[in-house]
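Pasting start-v4.tsv here (TSV, N, CA and C atoms):
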chain	number	residue	atom	x	y	z
A	220	MET	N	-126.96	61.77	91.66
A	220	MET	CA	-127.82	61.91	90.50
A	220	MET	C	-128.89	60.81	90.58
A	221	ASN	N	-130.15	61.22	90.69
A	221	ASN	CA	-131.24	60.26	90.82
A	221	ASN	C	-131.53	59.51	89.53
A	222	ASN	N	-131.69	60.24	88.46
A	222	ASN	CA	-132.03	59.60	87.19
A	222	ASN	C	-130.92	59.89	86.18
A	223	PRO	N	-130.34	58.85	85.60
A	223	PRO	CA	-129.25	59.06	84.67
A	223	PRO	C	-129.68	59.60	83.30
A	224	LEU	N	-130.99	59.72	83.07
A	224	LEU	CA	-131.46	60.27	81.81
A	224	LEU	C	-132.80	60.96	82.01
A	225	TYR	N	-133.09	61.89	81.11
A	225	TYR	CA	-134.36	62.62	81.16
A	225	TYR	C	-134.87	62.86	79.75
A	226	VAL	N	-136.15	63.22	79.66
A	226	VAL	CA	-136.83	63.37	78.37
A	226	VAL	C	-137.22	64.83	78.15
A	227	GLU	N	-137.03	65.30	76.92
A	227	GLU	CA	-137.48	66.62	76.49
A	227	GLU	C	-138.32	66.44	75.22
A	228	PHE	N	-139.46	67.12	75.15
A	228	PHE	CA	-140.30	67.07	73.96
A	228	PHE	C	-140.08	68.31	73.11
A	229	ASP	N	-139.94	68.14	71.80
A	229	ASP	CA	-139.90	69.25	70.85
A	229	ASP	C	-141.10	69.04	69.93
A	230	LEU	N	-142.23	69.61	70.33
A	230	LEU	CA	-143.49	69.38	69.61
A	230	LEU	C	-143.47	69.96	68.20
A	231	GLU	N	-142.74	71.06	68.02
A	231	GLU	CA	-142.66	71.67	66.69
A	231	GLU	C	-141.98	70.73	65.70
A	232	ARG	N	-140.90	70.09	66.13
A	232	ARG	CA	-140.18	69.15	65.26
A	232	ARG	C	-140.71	67.73	65.36
A	233	ARG	N	-141.65	67.49	66.27
A	233	ARG	CA	-142.23	66.16	66.49
A	233	ARG	C	-141.14	65.16	66.89
A	234	ASN	N	-140.31	65.59	67.86
A	234	ASN	CA	-139.21	64.77	68.35
A	234	ASN	C	-139.25	64.68	69.87
A	235	VAL	N	-138.70	63.58	70.36
A	235	VAL	CA	-138.47	63.39	71.78
A	235	VAL	C	-136.97	63.19	71.94
A	236	ARG	N	-136.36	63.98	72.81
A	236	ARG	CA	-134.91	63.85	73.05
A	236	ARG	C	-134.71	63.24	74.43
A	237	VAL	N	-134.02	62.12	74.45
A	237	VAL	CA	-133.68	61.44	75.70
A	237	VAL	C	-132.21	61.73	75.97
A	238	VAL	N	-131.96	62.51	77.02
A	238	VAL	CA	-130.60	62.96	77.33
A	238	VAL	C	-130.00	62.06	78.41
A	239	TYR	N	-128.87	61.47	78.07
A	239	TYR	CA	-128.13	60.61	79.01
A	239	TYR	C	-127.17	61.48	79.80
A	240	GLN	N	-127.26	61.39	81.12
A	240	GLN	CA	-126.29	62.06	81.99
A	240	GLN	C	-125.26	61.06	82.52
A	241	ALA	N	-125.63	59.79	82.50
A	241	ALA	CA	-124.78	58.67	82.88
A	241	ALA	C	-125.39	57.43	82.22
A	242	GLN	N	-124.62	56.36	82.18
A	242	GLN	CA	-125.15	55.12	81.60
A	242	GLN	C	-126.22	54.54	82.53
A	243	PRO	N	-127.48	54.45	82.06
A	243	PRO	CA	-128.53	53.87	82.89
A	243	PRO	C	-128.51	52.35	82.82
A	244	SER	N	-129.17	51.72	83.76
A	244	SER	CA	-129.43	50.29	83.60
A	244	SER	C	-130.49	50.16	82.51
A	245	PHE	N	-130.65	48.98	81.98
A	245	PHE	CA	-131.68	48.82	80.95
A	245	PHE	C	-133.06	49.12	81.53
A	246	GLU	N	-133.31	48.72	82.76
A	246	GLU	CA	-134.63	48.97	83.36
A	246	GLU	C	-134.89	50.46	83.54
A	247	GLN	N	-133.88	51.22	83.90
A	247	GLN	CA	-134.03	52.68	84.00
A	247	GLN	C	-134.35	53.26	82.62
A	248	TRP	N	-133.64	52.79	81.60
A	248	TRP	CA	-133.87	53.25	80.24
A	248	TRP	C	-135.29	52.91	79.80
A	249	LYS	N	-135.70	51.66	80.00
A	249	LYS	CA	-137.03	51.22	79.58
A	249	LYS	C	-138.13	52.02	80.28
A	250	THR	N	-137.97	52.28	81.57
A	250	THR	CA	-138.96	53.06	82.32
A	250	THR	C	-139.06	54.48	81.75
A	251	THR	N	-137.92	55.08	81.46
A	251	THR	CA	-137.91	56.44	80.90
A	251	THR	C	-138.54	56.47	79.52
A	252	ILE	N	-138.18	55.53	78.67
A	252	ILE	CA	-138.73	55.49	77.31
A	252	ILE	C	-140.22	55.22	77.35
A	253	THR	N	-140.64	54.27	78.17
A	253	THR	CA	-142.06	53.94	78.27
A	253	THR	C	-142.87	55.16	78.72
A	254	SER	N	-142.34	55.91	79.69
A	254	SER	CA	-143.07	57.10	80.14
A	254	SER	C	-143.16	58.13	79.02
A	255	GLY	N	-142.12	58.25	78.20
A	255	GLY	CA	-142.17	59.15	77.05
A	255	GLY	C	-143.18	58.71	76.01
A	256	LEU	N	-143.21	57.41	75.73
A	256	LEU	CA	-144.15	56.88	74.73
A	256	LEU	C	-145.60	56.98	75.21
A	257	GLU	N	-145.80	56.95	76.52
A	257	GLU	CA	-147.15	57.03	77.09
A	257	GLU	C	-147.57	58.47	77.39
A	258	ASP	N	-146.65	59.41	77.25
A	258	ASP	CA	-146.96	60.82	77.49
A	258	ASP	C	-148.02	61.28	76.48
A	259	PRO	N	-149.02	62.03	76.90
A	259	PRO	CA	-150.06	62.47	75.97
A	259	PRO	C	-149.54	63.34	74.83
A	260	ARG	N	-148.37	63.93	74.97
A	260	ARG	CA	-147.80	64.74	73.88
A	260	ARG	C	-147.20	63.87	72.77
A	261	PHE	N	-146.90	62.62	73.07
A	261	PHE	CA	-146.28	61.74	72.09
A	261	PHE	C	-147.30	61.27	71.07
A	262	GLU	N	-146.90	61.25	69.80
A	262	GLU	CA	-147.75	60.76	68.72
A	262	GLU	C	-146.94	59.84	67.81
A	263	SER	N	-147.64	58.89	67.19
A	263	SER	CA	-147.00	58.03	66.20
A	263	SER	C	-146.39	58.93	65.12
A	264	GLY	N	-145.20	58.58	64.68
A	264	GLY	CA	-144.50	59.38	63.69
A	264	GLY	C	-143.46	60.31	64.30
A	265	PHE	N	-143.46	60.46	65.63
A	265	PHE	CA	-142.43	61.25	66.28
A	265	PHE	C	-141.08	60.55	66.11
A	266	GLY	N	-140.02	61.32	66.15
A	266	GLY	CA	-138.68	60.77	66.19
A	266	GLY	C	-138.19	60.75	67.63
A	267	ILE	N	-137.35	59.79	67.95
A	267	ILE	CA	-136.76	59.72	69.28
A	267	ILE	C	-135.24	59.80	69.13
A	268	LEU	N	-134.68	60.80	69.78
A	268	LEU	CA	-133.25	61.03	69.75
A	268	LEU	C	-132.65	60.57	71.06
A	269	LEU	N	-131.85	59.54	71.02
A	269	LEU	CA	-131.14	59.04	72.20
A	269	LEU	C	-129.78	59.75	72.23
A	270	ASP	N	-129.70	60.81	73.01
A	270	ASP	CA	-128.52	61.68	73.04
A	270	ASP	C	-127.52	61.19	74.08
A	271	ARG	N	-126.56	60.39	73.62
A	271	ARG	CA	-125.51	59.83	74.46
A	271	ARG	C	-124.22	60.65	74.38
A	272	SER	N	-124.32	61.89	73.89
A	272	SER	CA	-123.12	62.69	73.63
A	272	SER	C	-122.32	63.01	74.90
A	273	ARG	N	-122.94	62.92	76.07
A	273	ARG	CA	-122.22	63.18	77.33
A	273	ARG	C	-121.57	61.92	77.90
A	274	ILE	N	-121.80	60.79	77.27
A	274	ILE	CA	-121.28	59.51	77.76
A	274	ILE	C	-120.05	59.14	76.93
A	275	ILE	N	-118.94	58.85	77.59
A	275	ILE	CA	-117.69	58.62	76.85
A	275	ILE	C	-117.35	57.14	76.69
A	276	ASN	N	-118.20	56.25	77.17
A	276	ASN	CA	-117.96	54.82	77.01
A	276	ASN	C	-119.19	54.17	76.39
A	277	PRO	N	-118.99	53.12	75.60
A	277	PRO	CA	-120.14	52.46	74.98
A	277	PRO	C	-121.00	51.73	76.01
A	278	ALA	N	-122.25	51.57	75.65
A	278	ALA	CA	-123.17	50.77	76.48
A	278	ALA	C	-122.76	49.30	76.36
A	279	PRO	N	-123.02	48.51	77.40
A	279	PRO	CA	-122.71	47.08	77.33
A	279	PRO	C	-123.49	46.40	76.21
A	280	SER	N	-122.93	45.35	75.66
A	280	SER	CA	-123.57	44.62	74.56
A	280	SER	C	-124.95	44.12	74.93
A	281	GLU	N	-125.11	43.59	76.13
A	281	GLU	CA	-126.41	43.06	76.56
A	281	GLU	C	-127.45	44.18	76.64
A	282	TYR	N	-127.05	45.34	77.11
A	282	TYR	CA	-127.93	46.51	77.16
A	282	TYR	C	-128.42	46.85	75.75
A	283	MET	N	-127.49	46.89	74.79
A	283	MET	CA	-127.86	47.24	73.41
A	283	MET	C	-128.75	46.16	72.79
A	284	ARG	N	-128.48	44.90	73.10
A	284	ARG	CA	-129.33	43.83	72.57
A	284	ARG	C	-130.76	44.00	73.06
A	285	ARG	N	-130.91	44.29	74.35
A	285	ARG	CA	-132.24	44.47	74.93
A	285	ARG	C	-132.90	45.75	74.39
A	286	LEU	N	-132.12	46.80	74.17
A	286	LEU	CA	-132.64	48.04	73.59
A	286	LEU	C	-133.22	47.77	72.20
A	287	VAL	N	-132.47	47.06	71.37
A	287	VAL	CA	-132.93	46.77	70.01
A	287	VAL	C	-134.20	45.92	70.06
A	288	HIS	N	-134.24	44.94	70.93
A	288	HIS	CA	-135.44	44.10	71.07
A	288	HIS	C	-136.65	44.96	71.45
A	289	PHE	N	-136.48	45.86	72.42
A	289	PHE	CA	-137.56	46.74	72.85
A	289	PHE	C	-138.02	47.64	71.70
A	290	VAL	N	-137.06	48.24	71.01
A	290	VAL	CA	-137.38	49.15	69.90
A	290	VAL	C	-138.08	48.40	68.77
A	291	ASP	N	-137.63	47.19	68.48
A	291	ASP	CA	-138.30	46.37	67.46
A	291	ASP	C	-139.75	46.09	67.85
A	292	LYS	N	-140.00	45.78	69.11
A	292	LYS	CA	-141.38	45.53	69.57
A	292	LYS	C	-142.23	46.79	69.44
A	293	GLN	N	-141.64	47.94	69.73
A	293	GLN	CA	-142.37	49.20	69.58
A	293	GLN	C	-142.73	49.47	68.12
A	294	ALA	N	-141.87	49.03	67.21
A	294	ALA	CA	-142.11	49.24	65.78
A	294	ALA	C	-143.36	48.50	65.30
A	295	GLU	N	-143.78	47.48	66.04
A	295	GLU	CA	-145.01	46.75	65.70
A	295	GLU	C	-146.24	47.59	66.01
A	296	GLU	N	-146.11	48.57	66.93
A	296	GLU	CA	-147.25	49.34	67.40
A	296	GLU	C	-147.28	50.77	66.88
A	297	THR	N	-146.14	51.37	66.64
A	297	THR	CA	-146.10	52.77	66.25
A	297	THR	C	-144.92	53.03	65.32
A	298	GLN	N	-145.10	53.99	64.44
A	298	GLN	CA	-144.07	54.35	63.47
A	298	GLN	C	-143.16	55.41	64.08
A	299	VAL	N	-141.94	55.02	64.41
A	299	VAL	CA	-141.00	55.91	65.09
A	299	VAL	C	-139.61	55.71	64.49
A	300	ARG	N	-138.90	56.81	64.31
A	300	ARG	CA	-137.48	56.75	63.97
A	300	ARG	C	-136.68	56.93	65.25
A	301	TRP	N	-135.61	56.16	65.40
A	301	TRP	CA	-134.74	56.23	66.58
A	301	TRP	C	-133.35	56.66	66.12
A	302	ALA	N	-132.88	57.79	66.60
A	302	ALA	CA	-131.52	58.26	66.30
A	302	ALA	C	-130.69	58.18	67.58
A	303	ILE	N	-129.47	57.70	67.43
A	303	ILE	CA	-128.54	57.60	68.55
A	303	ILE	C	-127.38	58.56	68.26
A	304	VAL	N	-127.10	59.47	69.19
A	304	VAL	CA	-125.97	60.39	69.05
A	304	VAL	C	-124.90	59.94	70.03
A	305	THR	N	-123.70	59.73	69.52
A	305	THR	CA	-122.59	59.26	70.35
A	305	THR	C	-121.43	60.25	70.31
A	306	SER	N	-120.52	60.10	71.27
A	306	SER	CA	-119.38	61.01	71.33
A	306	SER	C	-118.04	60.29	71.14
A	307	ASP	N	-118.07	58.97	71.06
A	307	ASP	CA	-116.81	58.23	70.91
A	307	ASP	C	-116.99	57.12	69.88
A	308	LEU	N	-115.89	56.67	69.35
A	308	LEU	CA	-115.90	55.69	68.26
A	308	LEU	C	-116.50	54.35	68.70
A	309	ALA	N	-116.19	53.90	69.91
A	309	ALA	CA	-116.72	52.61	70.37
A	309	ALA	C	-118.25	52.67	70.50
A	310	SER	N	-118.77	53.77	71.02
A	310	SER	CA	-120.23	53.92	71.13
A	310	SER	C	-120.86	54.01	69.75
A	311	PHE	N	-120.20	54.69	68.83
A	311	PHE	CA	-120.70	54.77	67.47
A	311	PHE	C	-120.78	53.36	66.86
A	312	GLY	N	-119.77	52.55	67.11
A	312	GLY	CA	-119.78	51.16	66.63
A	312	GLY	C	-120.91	50.35	67.22
A	313	MET	N	-121.18	50.54	68.50
A	313	MET	CA	-122.31	49.84	69.14
A	313	MET	C	-123.63	50.29	68.52
A	314	GLY	N	-123.73	51.58	68.23
A	314	GLY	CA	-124.93	52.10	67.58
A	314	GLY	C	-125.12	51.52	66.19
A	315	ARG	N	-124.03	51.38	65.45
A	315	ARG	CA	-124.11	50.77	64.11
A	315	ARG	C	-124.55	49.31	64.21
A	316	GLN	N	-124.08	48.61	65.23
A	316	GLN	CA	-124.53	47.23	65.44
A	316	GLN	C	-126.03	47.20	65.71
A	317	ALA	N	-126.52	48.17	66.47
A	317	ALA	CA	-127.96	48.26	66.75
A	317	ALA	C	-128.73	48.45	65.45
A	318	GLU	N	-128.22	49.31	64.56
A	318	GLU	CA	-128.86	49.52	63.25
A	318	GLU	C	-129.00	48.20	62.50
A	319	LEU	N	-127.92	47.45	62.48
A	319	LEU	CA	-127.89	46.20	61.72
A	319	LEU	C	-128.70	45.10	62.39
A	320	SER	N	-128.85	45.15	63.71
A	320	SER	CA	-129.58	44.12	64.44
A	320	SER	C	-131.09	44.34	64.41
A	321	ALA	N	-131.52	45.57	64.20
A	321	ALA	CA	-132.96	45.87	64.21
A	321	ALA	C	-133.63	45.18	63.03
A	322	VAL	N	-134.74	44.52	63.32
A	322	VAL	CA	-135.49	43.81	62.28
A	322	VAL	C	-136.59	44.71	61.71
A	323	LYS	N	-137.35	45.35	62.59
A	323	LYS	CA	-138.48	46.18	62.17
A	323	LYS	C	-138.27	47.66	62.40
A	324	ALA	N	-137.46	48.00	63.36
A	324	ALA	CA	-137.28	49.40	63.76
A	324	ALA	C	-136.31	50.13	62.83
A	325	SER	N	-136.49	51.43	62.74
A	325	SER	CA	-135.59	52.30	61.99
A	325	SER	C	-134.68	53.00	62.98
A	326	ILE	N	-133.41	52.56	63.01
A	326	ILE	CA	-132.41	53.10	63.94
A	326	ILE	C	-131.22	53.60	63.12
A	327	ARG	N	-130.73	54.79	63.45
A	327	ARG	CA	-129.52	55.32	62.83
A	327	ARG	C	-128.64	55.93	63.92
A	328	THR	N	-127.34	55.87	63.70
A	328	THR	CA	-126.37	56.39	64.65
A	328	THR	C	-125.63	57.57	64.03
A	329	PHE	N	-125.40	58.60	64.84
A	329	PHE	CA	-124.77	59.83	64.37
A	329	PHE	C	-123.70	60.28	65.34
A	330	LYS	N	-122.79	61.09	64.82
A	330	LYS	CA	-121.74	61.66	65.65
A	330	LYS	C	-122.09	63.07	66.10
A	331	ASP	N	-123.15	63.65	65.54
A	331	ASP	CA	-123.55	64.99	65.97
A	331	ASP	C	-125.08	65.09	65.99
A	332	ARG	N	-125.54	65.92	66.89
A	332	ARG	CA	-126.99	66.07	67.13
A	332	ARG	C	-127.72	66.68	65.93
A	333	SER	N	-127.11	67.65	65.27
A	333	SER	CA	-127.81	68.32	64.17
A	333	SER	C	-128.10	67.35	63.02
A	334	SER	N	-127.17	66.46	62.70
A	334	SER	CA	-127.42	65.46	61.65
A	334	SER	C	-128.53	64.51	62.06
A	335	ALA	N	-128.53	64.13	63.33
A	335	ALA	CA	-129.57	63.23	63.83
A	335	ALA	C	-130.93	63.91	63.75
A	336	GLU	N	-131.01	65.17	64.13
A	336	GLU	CA	-132.28	65.89	64.09
A	336	GLU	C	-132.78	66.04	62.67
A	337	LEU	N	-131.87	66.30	61.72
A	337	LEU	CA	-132.28	66.40	60.31
A	337	LEU	C	-132.86	65.08	59.82
A	338	TRP	N	-132.22	63.97	60.17
A	338	TRP	CA	-132.71	62.66	59.76
A	338	TRP	C	-134.08	62.37	60.39
A	339	LEU	N	-134.23	62.71	61.67
A	339	LEU	CA	-135.51	62.48	62.35
A	339	LEU	C	-136.65	63.27	61.71
A	340	CYS	N	-136.34	64.42	61.16
A	340	CYS	CA	-137.37	65.26	60.54
A	340	CYS	C	-137.56	64.94	59.06
A	341	GLY	N	-137.07	63.79	58.63
A	341	GLY	CA	-137.19	63.39	57.23
A	341	GLY	C	-138.63	63.29	56.79
A	342	PRO	N	-138.85	63.02	55.52
A	342	PRO	CA	-140.20	62.97	54.98
A	342	PRO	C	-141.11	62.00	55.75
A	343	ALA	N	-142.30	62.45	56.03
A	343	ALA	CA	-143.27	61.60	56.74
A	343	ALA	C	-143.51	60.32	55.95
A	344	GLY	N	-143.62	59.23	56.69
A	344	GLY	CA	-143.88	57.94	56.06
A	344	GLY	C	-142.64	57.25	55.55
A	345	SER	N	-141.52	57.96	55.52
A	345	SER	CA	-140.26	57.36	55.07
A	345	SER	C	-139.40	57.07	56.28
A	346	LEU	N	-139.16	55.80	56.54
A	346	LEU	CA	-138.34	55.43	57.70
A	346	LEU	C	-136.95	54.96	57.30
A	347	SER	N	-136.55	55.18	56.09
A	347	SER	CA	-135.21	54.74	55.70
A	347	SER	C	-134.18	55.81	55.90

I'd like the structure from this file rewritten - as structure tokens, please.
Amino acid sequence: MNNPLYVEFDLERRNVRVVYQAQPSFEQWKTTITSGLEDPRFESGFGILLDRSRIINPAPSEYMRRLVHFVDKQAEETQVRWAIVTSDLASFGMGRQAELSAVKASIRTFKDRSSAELWLCGPAGSLS
């Protein structure tokens, strides 16, 4: 497997779905996210769904710390909601820690994709 994650755009819902096939390194994740944010289809106000539902182990703490830092820096430039979908309790707990650690970014963790998508499509201008 060359790339442990890939990006799908849903222009109708104004969402970007990042699908994890395996746990990426932080640099792989950052490269993938940066390419999505720089894609001409991406617009401020889009939601980003980090779909970890195929991964059965939580990301390392250092990876999550760096992810939150990156997402917080992005929040200074563009208005984006970040939803994390997990498949196991430990990953859900790591996602909740990310929510609490974020200073500027709007991050929420979910156990199912449909709930995450509903939250991402929330009222424009509302990031809570």

To one decimal place, how far is CA of Arg327 (chain A) from CA of Val235 (chain A) in Å?
15.0 Å

Report as a compact mmCIF listing (two decimals) with N, CA and C atoms, in the coordinates of the input all protein, DNA and RNA residues lying within 8 Å of Thr328 (chain A), evaluated on all atoms listed in the file, omitting residues in the same chain fewer than 4 positions from it.
# COMPACT_ATOMS: atom_id res chain seq x y z
N TRP A 301 -135.61 56.16 65.40
CA TRP A 301 -134.74 56.23 66.58
C TRP A 301 -133.35 56.66 66.12
N ALA A 302 -132.88 57.79 66.60
CA ALA A 302 -131.52 58.26 66.30
C ALA A 302 -130.69 58.18 67.58
N ILE A 303 -129.47 57.70 67.43
CA ILE A 303 -128.54 57.60 68.55
C ILE A 303 -127.38 58.56 68.26
N VAL A 304 -127.10 59.47 69.19
CA VAL A 304 -125.97 60.39 69.05
C VAL A 304 -124.90 59.94 70.03
N THR A 305 -123.70 59.73 69.52
CA THR A 305 -122.59 59.26 70.35
C THR A 305 -121.43 60.25 70.31
N SER A 310 -118.77 53.77 71.02
CA SER A 310 -120.23 53.92 71.13
C SER A 310 -120.86 54.01 69.75
N PHE A 311 -120.20 54.69 68.83
CA PHE A 311 -120.70 54.77 67.47
C PHE A 311 -120.78 53.36 66.86
N MET A 313 -121.18 50.54 68.50
CA MET A 313 -122.31 49.84 69.14
C MET A 313 -123.63 50.29 68.52
N GLY A 314 -123.73 51.58 68.23
CA GLY A 314 -124.93 52.10 67.58
C GLY A 314 -125.12 51.52 66.19
N ARG A 315 -124.03 51.38 65.45
CA ARG A 315 -124.11 50.77 64.11
C ARG A 315 -124.55 49.31 64.21
N ALA A 317 -126.52 48.17 66.47
CA ALA A 317 -127.96 48.26 66.75
C ALA A 317 -128.73 48.45 65.45
N GLU A 318 -128.22 49.31 64.56
CA GLU A 318 -128.86 49.52 63.25
C GLU A 318 -129.00 48.20 62.50
N SER A 334 -127.17 66.46 62.70
CA SER A 334 -127.42 65.46 61.65
C SER A 334 -128.53 64.51 62.06
N ALA A 335 -128.53 64.13 63.33
CA ALA A 335 -129.57 63.23 63.83
C ALA A 335 -130.93 63.91 63.75

Selected residue, from A:Leu230, A:Phe261, A:Pro223, A:His288, that lies nearest to Trp248 (chain A) when counting only N, CA and C atoms
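Among the listed residues, A:Pro223 lies closest to Trp248 (chain A).
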
Place a sphere of radius 10 Å on (-137.0, 66.1, 72.6) in the file coordinates and name every protein, DNA or RNA residue with an atom inside or on its surface, counting only C-alpha atoms; give the answer as a short mmCIF file (atom, residue, chain, number, x, y, z; two decimals) with N, CA and C atoms, in the coordinates of the input.
data_model
loop_
_atom_site.label_atom_id
_atom_site.label_comp_id
_atom_site.auth_asym_id
_atom_site.auth_seq_id
_atom_site.Cartn_x
_atom_site.Cartn_y
_atom_site.Cartn_z
N TYR A 225 -133.09 61.89 81.11
CA TYR A 225 -134.36 62.62 81.16
C TYR A 225 -134.87 62.86 79.75
N VAL A 226 -136.15 63.22 79.66
CA VAL A 226 -136.83 63.37 78.37
C VAL A 226 -137.22 64.83 78.15
N GLU A 227 -137.03 65.30 76.92
CA GLU A 227 -137.48 66.62 76.49
C GLU A 227 -138.32 66.44 75.22
N PHE A 228 -139.46 67.12 75.15
CA PHE A 228 -140.30 67.07 73.96
C PHE A 228 -140.08 68.31 73.11
N ASP A 229 -139.94 68.14 71.80
CA ASP A 229 -139.90 69.25 70.85
C ASP A 229 -141.10 69.04 69.93
N LEU A 230 -142.23 69.61 70.33
CA LEU A 230 -143.49 69.38 69.61
C LEU A 230 -143.47 69.96 68.20
N GLU A 231 -142.74 71.06 68.02
CA GLU A 231 -142.66 71.67 66.69
C GLU A 231 -141.98 70.73 65.70
N ARG A 232 -140.90 70.09 66.13
CA ARG A 232 -140.18 69.15 65.26
C ARG A 232 -140.71 67.73 65.36
N ARG A 233 -141.65 67.49 66.27
CA ARG A 233 -142.23 66.16 66.49
C ARG A 233 -141.14 65.16 66.89
N ASN A 234 -140.31 65.59 67.86
CA ASN A 234 -139.21 64.77 68.35
C ASN A 234 -139.25 64.68 69.87
N VAL A 235 -138.70 63.58 70.36
CA VAL A 235 -138.47 63.39 71.78
C VAL A 235 -136.97 63.19 71.94
N ARG A 236 -136.36 63.98 72.81
CA ARG A 236 -134.91 63.85 73.05
C ARG A 236 -134.71 63.24 74.43
N VAL A 237 -134.02 62.12 74.45
CA VAL A 237 -133.68 61.44 75.70
C VAL A 237 -132.21 61.73 75.97
N VAL A 238 -131.96 62.51 77.02
CA VAL A 238 -130.60 62.96 77.33
C VAL A 238 -130.00 62.06 78.41
N GLY A 255 -142.12 58.25 78.20
CA GLY A 255 -142.17 59.15 77.05
C GLY A 255 -143.18 58.71 76.01
N PHE A 265 -143.46 60.46 65.63
CA PHE A 265 -142.43 61.25 66.28
C PHE A 265 -141.08 60.55 66.11
N GLY A 266 -140.02 61.32 66.15
CA GLY A 266 -138.68 60.77 66.19
C GLY A 266 -138.19 60.75 67.63
N ILE A 267 -137.35 59.79 67.95
CA ILE A 267 -136.76 59.72 69.28
C ILE A 267 -135.24 59.80 69.13
N LEU A 268 -134.68 60.80 69.78
CA LEU A 268 -133.25 61.03 69.75
C LEU A 268 -132.65 60.57 71.06
N LEU A 269 -131.85 59.54 71.02
CA LEU A 269 -131.14 59.04 72.20
C LEU A 269 -129.78 59.75 72.23
N ASP A 270 -129.70 60.81 73.01
CA ASP A 270 -128.52 61.68 73.04
C ASP A 270 -127.52 61.19 74.08
N GLU A 336 -131.01 65.17 64.13
CA GLU A 336 -132.28 65.89 64.09
C GLU A 336 -132.78 66.04 62.67
#

For CA of Ser272 (chain A) and CA of Ala241 (chain A), the interatomic separation in Å (one decimal)
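Interatomic distance, CA of Ser272 (chain A) to CA of Ala241 (chain A): 10.2 Å.
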
Residues near Arg300 (chain A), cut-off 10 Å, only C-alpha atoms, skip fewer than 3 positions along chain, as a tab-separated table (two decimals) with N, CA and C atoms, keeping the file's coordinate frame:
chain	number	residue	atom	x	y	z
A	234	ASN	N	-140.31	65.59	67.86
A	234	ASN	CA	-139.21	64.77	68.35
A	234	ASN	C	-139.25	64.68	69.87
A	263	SER	N	-147.64	58.89	67.19
A	263	SER	CA	-147.00	58.03	66.20
A	263	SER	C	-146.39	58.93	65.12
A	264	GLY	N	-145.20	58.58	64.68
A	264	GLY	CA	-144.50	59.38	63.69
A	264	GLY	C	-143.46	60.31	64.30
A	265	PHE	N	-143.46	60.46	65.63
A	265	PHE	CA	-142.43	61.25	66.28
A	265	PHE	C	-141.08	60.55	66.11
A	266	GLY	N	-140.02	61.32	66.15
A	266	GLY	CA	-138.68	60.77	66.19
A	266	GLY	C	-138.19	60.75	67.63
A	267	ILE	N	-137.35	59.79	67.95
A	267	ILE	CA	-136.76	59.72	69.28
A	267	ILE	C	-135.24	59.80	69.13
A	268	LEU	N	-134.68	60.80	69.78
A	268	LEU	CA	-133.25	61.03	69.75
A	268	LEU	C	-132.65	60.57	71.06
A	290	VAL	N	-137.06	48.24	71.01
A	290	VAL	CA	-137.38	49.15	69.90
A	290	VAL	C	-138.08	48.40	68.77
A	294	ALA	N	-141.87	49.03	67.21
A	294	ALA	CA	-142.11	49.24	65.78
A	294	ALA	C	-143.36	48.50	65.30
A	297	THR	N	-146.14	51.37	66.64
A	297	THR	CA	-146.10	52.77	66.25
A	297	THR	C	-144.92	53.03	65.32
A	324	ALA	N	-137.46	48.00	63.36
A	324	ALA	CA	-137.28	49.40	63.76
A	324	ALA	C	-136.31	50.13	62.83
A	325	SER	N	-136.49	51.43	62.74
A	325	SER	CA	-135.59	52.30	61.99
A	325	SER	C	-134.68	53.00	62.98
A	326	ILE	N	-133.41	52.56	63.01
A	326	ILE	CA	-132.41	53.10	63.94
A	326	ILE	C	-131.22	53.60	63.12
A	327	ARG	N	-130.73	54.79	63.45
A	327	ARG	CA	-129.52	55.32	62.83
A	327	ARG	C	-128.64	55.93	63.92
A	338	TRP	N	-132.22	63.97	60.17
A	338	TRP	CA	-132.71	62.66	59.76
A	338	TRP	C	-134.08	62.37	60.39
A	339	LEU	N	-134.23	62.71	61.67
A	339	LEU	CA	-135.51	62.48	62.35
A	339	LEU	C	-136.65	63.27	61.71
A	340	CYS	N	-136.34	64.42	61.16
A	340	CYS	CA	-137.37	65.26	60.54
A	340	CYS	C	-137.56	64.94	59.06
A	341	GLY	N	-137.07	63.79	58.63
A	341	GLY	CA	-137.19	63.39	57.23
A	341	GLY	C	-138.63	63.29	56.79
A	345	SER	N	-141.52	57.96	55.52
A	345	SER	CA	-140.26	57.36	55.07
A	345	SER	C	-139.40	57.07	56.28
A	346	LEU	N	-139.16	55.80	56.54
A	346	LEU	CA	-138.34	55.43	57.70
A	346	LEU	C	-136.95	54.96	57.30
A	347	SER	N	-136.55	55.18	56.09
A	347	SER	CA	-135.21	54.74	55.70
A	347	SER	C	-134.18	55.81	55.90

For the strand (DSSP E or B) assignment from backbone DSSP, which residues of chain A qualify? Please present them as a list of chain:residue names.
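The strand (DSSP E or B) residues within chain A come out as A:Leu224, A:Tyr225, A:Val226, A:Glu227, A:Phe228, A:Asp229, A:Asn234, A:Val235, A:Arg236, A:Val237, A:Val238, A:Tyr239, A:Gly266, A:Ile267, A:Leu268, A:Leu269, A:Asp270, A:Arg300, A:Trp301, A:Ala302, A:Ile303, A:Val304, A:Ser325, A:Ile326, A:Arg327, A:Thr328, A:Phe329.
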
Could you give me, as a PyMOL selection string, the residues within 8 Å of Ile274 (chain A), counting only C-alpha atoms and dropping anything in the same chain fewer than 2 positions from it?
chain A and resi 239-242+271-272+276-277+305-306

Please give the complete set of residues from region 296-337 of chain A that DSSP, run on the backbone, assigns to helix (DSSP H, G or I), formatted as a list in words.
Leu308, Ala309, Ser310, Phe311, Gly312, Met313, Gly314, Arg315, Gln316, Ala317, Glu318, Leu319, Ser320, Arg332, Ser333, Ser334, Ala335, Glu336 and Leu337 of chain A

Report, in Å to a single decimal, how far apart atom C of Asn222 (chain A) and atom C of Glu295 (chain A) are.
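Distance reported for this atom pair: 28.2 Å.
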
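Across A:Glu262, A:Ser244, A:Leu224, A:Val322, the tightest approach to Val299 (chain A) is made by A:Glu262 when counting only N, CA and C atoms.
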